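Student: Starting off with a structure, shown below.
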Amino acid sequence: MTNTYARIAGTGSYLPEKIVTNADLEKIVDTNDAWIVERTGIKQRHIAADGQLTCDMAEMAARRAIESAGIDPQAIDLIIIGTTTPDKFFPSTATLLQERLGIFGCPAFDIQAVCTGFIYGLSIADKFIRTGAAKNALVIGADIFSRIIDWTDRNTCVLFGDGAGAVVLSADDKKGILSTHLYADGRHHEQLHVPGYVKGGKVQAGNAFASMQGMEVFKFAVNNMAHAAEEALKINGLKTDDVDWLIPHQANKRILSAVAKKLKFPEEKVIVTVDKHGNTSAASVPLALDTAVRDGRIKRGDMLLLEAMGGGFTWGSALIKY
Ligand code: ACO
C-alpha cells in the first residue's frame with residue numbers, strides 16, 4: 001500500500017493596494033525610518049481599505065492558489081482559515097469564503113493561533129488528507145491587524161500590516177508535507193494579546209488594541225521557532241544543509257536573522273518579505289512562500305522548512321518537499 005501525502009498543489013497571496021511607508025508613520029507618531037529599519041527591517045506595510053474585510057483578502061489569495069493548482073474549485077473539500085481578525089464573531093470567515101467560492105457542503109472553519117494560524121491550519125489539513133478525509137484542502141492565513149492596532153502607539157503600529165496567503169494541498173503518493181510540529185504555552189498569554197472582550201455590545205476590561213511586551217516576545221520567538229525547526233529536522237533525520245529554503249514567520253528581520261543564525265542557516269537561503277509588508281500575522285508565512293514560488297526561487301522538489309510563532313504563545317514548524 002502506498003502512503004498518501006498532502007502536497008502543495010498551488011499557492012496564492014494578496015496584499016491590499018494602499019501602502020503606508022515609514023515616512024508616512026513619522027507624520028502620526030514619534031518615530032523615524034532609521035529606527036524602524038534598524039530594529040525591524042520593515043520599510044512599508046499594506047493597509048486594507050475602509051470596508052475591505054479579511055474574507056475579501058482571503059478570497060483573492062484563495063482564487064490565485066486554486067488557479068495555480070489548476071483544479072476546479074468544486075474539487076475543494078476542506079477550507080481552513082487561520083485568522084485573528086475574522087469578519088464576524090460568528091460564523092467563521094471560512095464559511096463566508098465558502099459562499100463566495102460557491103463550494104457547498106465541505107467542512108469550513110477558522111483557526112485561532114494568531115501568527116501561527118497558518119502552520120496550525122496546515123497541520124490539521126495534512127491530517128485530513130493523510131487519513132483520507134479530504135483530497136484537496138484550501139489552507140489560508142489572512143489578517144487585518146491594522147483594525148486592532150492603536151495608531152498612536154509607536155511600540156506596535158510600526159510593526160504590522162494586512163494581507164492574505166493561501167495554499168491548495170492535494171492528496172498525492174509523492175512526498176509533500178513530511179511532518180508538522182505544533183506547540184503552545186498559555187502562561188504567556190498576556191505578553192502579546194488584545195486585553196478587552198465584548199459584553200453587552202461594549203469592550204470590557206481594557207481596550208481592543210494589540211498590546212505587546214516586545215523584548216519578551218523577541219526572546220521567546222527566537223528560542224522557540226529555532227527549537228520547532230530543529231525538531232522538524234531531527235524527526236525526519238535531516239540536517240540544515242538538506243533544506244533549500246527557510247520560510248519563517250515574517251515578524252521582524254532581526255528575529256528572522258537570529259533564528260537562522262541559531263540554526264546555522266545561511267541568510268541567502270532565508271525567504272524575507274517582511275521589509276515589504278511588515279508583520280501580517282497568519283498571512284506572513286504563505287505570503288513569503290507564494291512570493292518565492294512566483295519569483296522562481298522555490299522550485300519543485302525543493303525542501304522547505306516553515307516556522308512561526310504568535311500570541312498565546314503558540315509556535316510551530318512544517319517540513320515540506322515542494
Ligand atoms: N520609534 C522610535 N523609537 C521607538 C519606537 C519607535 N517606533 N518604539 C520604541 N522606541 C523607543 C523606546 O521608547 C525606547 O526608548 P528609550 O530608550 O528612550 O526608553 C527605545 O526605542 C528602545 O525601545 P525598546 O522597546 O527597548 O526597543 P527594542 O530594541 O526592544 O525593539 C521591538 C523594540 C522592535 C518591538 C523589539 O522588541 C521586537 O522586535 N520585539 C518583537 C516584537 C514582534 O515582532 N512582535 C510581533 C508579534 S510577535 C510575532 O509575530 C513573533
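Convention: chains lettered A, B, ... in C-alpha cells order; per-chain residue numbering from 1; ligands numbered from 1 as shown.
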For Asn223 of chain A, please output as number ranges by chain all residues within 12 Å (counting only C-alpha atoms; exclusion window: fewer than 6 positions along the same chain).

Tutor: A: 216-217, 229-230, 255-256, 258-263, 307-309, 315-316

Student: Please, which residues have at least one atom within 9 Å of an atom of ligand 1, using only C-alpha atoms and all ligand atoms, listed as a PDB file with C-alpha atoms, in the first residue's frame?

Tutor:
```pdb
ATOM      1  CA  LEU A  25       4.255  56.896  10.081  1.00  0.00           C
ATOM      2  CA  GLU A  26       6.684  59.691  11.016  1.00  0.00           C
ATOM      3  CA  VAL A  29       3.814  59.026  15.814  1.00  0.00           C
ATOM      4  CA  ASP A  30       7.232  59.964  17.198  1.00  0.00           C
ATOM      5  CA  THR A  31       9.298  57.534  15.124  1.00  0.00           C
ATOM      6  CA  ASN A  32      11.647  57.554  12.167  1.00  0.00           C
ATOM      7  CA  ASP A  33      12.578  55.394   9.206  1.00  0.00           C
ATOM      8  CA  ALA A  34      16.105  54.695  10.506  1.00  0.00           C
ATOM      9  CA  TRP A  35      14.803  53.337  13.860  1.00  0.00           C
ATOM     10  CA  ILE A  36      12.152  51.139  12.226  1.00  0.00           C
ATOM     11  CA  GLU A  38      17.321  49.096  12.106  1.00  0.00           C
ATOM     12  CA  ARG A  39      15.101  47.406  14.731  1.00  0.00           C
ATOM     13  CA  THR A  40      12.686  45.558  12.447  1.00  0.00           C
ATOM     14  CA  VAL A 114      -2.548  34.215  15.909  1.00  0.00           C
ATOM     15  CA  CYS A 115       0.681  34.371  13.843  1.00  0.00           C
ATOM     16  CA  THR A 116       0.984  30.543  13.941  1.00  0.00           C
ATOM     17  CA  ASP A 153       1.195  53.647  19.955  1.00  0.00           C
ATOM     18  CA  ARG A 154       4.629  53.646  18.312  1.00  0.00           C
ATOM     19  CA  ASN A 155       5.579  50.398  20.079  1.00  0.00           C
ATOM     20  CA  THR A 156       3.135  48.419  17.959  1.00  0.00           C
ATOM     21  CA  CYS A 157       1.888  50.463  14.994  1.00  0.00           C
ATOM     22  CA  VAL A 158       5.202  50.329  13.116  1.00  0.00           C
ATOM     23  CA  LEU A 159       5.246  46.516  13.133  1.00  0.00           C
ATOM     24  CA  PHE A 160       2.062  45.291  11.489  1.00  0.00           C
ATOM     25  CA  LEU A 192       1.088  39.511  23.378  1.00  0.00           C
ATOM     26  CA  MET A 212       2.931  43.502  23.452  1.00  0.00           C
ATOM     27  CA  GLN A 213       5.983  43.145  25.665  1.00  0.00           C
ATOM     28  CA  GLY A 214       8.450  43.468  22.797  1.00  0.00           C
ATOM     29  CA  MET A 215      11.664  42.115  24.308  1.00  0.00           C
ATOM     30  CA  GLU A 216       9.986  39.070  25.939  1.00  0.00           C
ATOM     31  CA  VAL A 217       8.279  38.276  22.653  1.00  0.00           C
ATOM     32  CA  PHE A 218      11.572  38.673  20.831  1.00  0.00           C
ATOM     33  CA  LYS A 219      13.478  36.225  23.054  1.00  0.00           C
ATOM     34  CA  PHE A 220      10.713  33.636  23.125  1.00  0.00           C
ATOM     35  CA  ALA A 221      10.260  33.869  19.352  1.00  0.00           C
ATOM     36  CA  VAL A 222      13.929  33.226  18.596  1.00  0.00           C
ATOM     37  CA  MET A 225      10.967  28.968  16.463  1.00  0.00           C
ATOM     38  CA  HIS A 249       7.092  33.987  10.096  1.00  0.00           C
ATOM     39  CA  GLN A 250       7.802  37.483   8.796  1.00  0.00           C
ATOM     40  CA  ALA A 251       7.668  39.273  12.166  1.00  0.00           C
ATOM     41  CA  ASN A 252      10.844  41.223  12.202  1.00  0.00           C
ATOM     42  CA  LYS A 253      14.126  40.936  10.291  1.00  0.00           C
ATOM     43  CA  ARG A 254      16.155  40.733  13.494  1.00  0.00           C
ATOM     44  CA  ILE A 255      14.081  37.748  14.697  1.00  0.00           C
ATOM     45  CA  ASN A 279       4.074  41.503  10.176  1.00  0.00           C
ATOM     46  CA  THR A 280       0.849  40.246   8.567  1.00  0.00           C
ATOM     47  CA  SER A 281       0.234  37.678  11.337  1.00  0.00           C
ATOM     48  CA  ALA A 282      -1.226  34.397   9.967  1.00  0.00           C
ATOM     49  CA  ALA A 308       6.095  30.633  13.049  1.00  0.00           C
ATOM     50  CA  MET A 309       5.286  31.957  16.491  1.00  0.00           C
ATOM     51  CA  GLY A 310       2.421  34.086  17.783  1.00  0.00           C
ATOM     52  CA  GLY A 311       0.340  35.174  20.768  1.00  0.00           C
ATOM     53  CA  PHE A 313       2.215  31.812  22.906  1.00  0.00           C
ATOM     54  CA  TRP A 315       4.504  28.228  17.706  1.00  0.00           C
TER      55      TRP A 315
END
```

Student: Enumerate, as a PyMOL selection string, the complete set of residues in segment 87-297 of chain A that a backbone-based DSSP assignment places in helix (DSSP H, G or I).

Tutor: chain A and resi 93-101+114-130+145-148+154-157+186-191+214-235+240-242+253-262+267-269+274-277+281-294

Student: Expressed in Å to a single decimal, how great is the separation between atom CA of Gly176 of chain A and atom CA of Thr95 of chain A?

Tutor: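 Separation of atom CA of Gly176 of chain A and atom CA of Thr95 of chain A: 26.7 Å.
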
Student: Neighbours of segment 125-135 of chain A within 6 Å (only C-alpha atoms; same-chain residues fewer than 3 positions away dropped), as a PyMOL selection string?

Tutor: chain A and resi 4-6+77+122+170-171

Student: What does the distance from atom CA of Pro86 of chain A to atom CA of Gly186 of chain A come to in Å, to one decimal?

Tutor: 21.4 Å

Student: Please report the interatomic distance between atom CA of Lys174 of chain A and atom CA of Val272 of chain A in Å with one decimal.

Tutor: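 That distance, rounded to one decimal, is 28.1 Å.
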
Student: So, with only C-alpha atoms as the atoms that count, which of A:Ala164, A:Ile144, A:Ile76, A:Ile247 lies closest to Gly51 of chain A?

Tutor: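 Ranked by minimum distance to Gly51 of chain A, first place goes to A:Ile144.
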
Student: For Thr273 of chain A, which residue out of A:Leu233, A:Val139, A:Ile42, A:Leu78 is the nearest one, using only C-alpha atoms?

Tutor: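 Smallest distance to Thr273 of chain A is found for A:Ile42.
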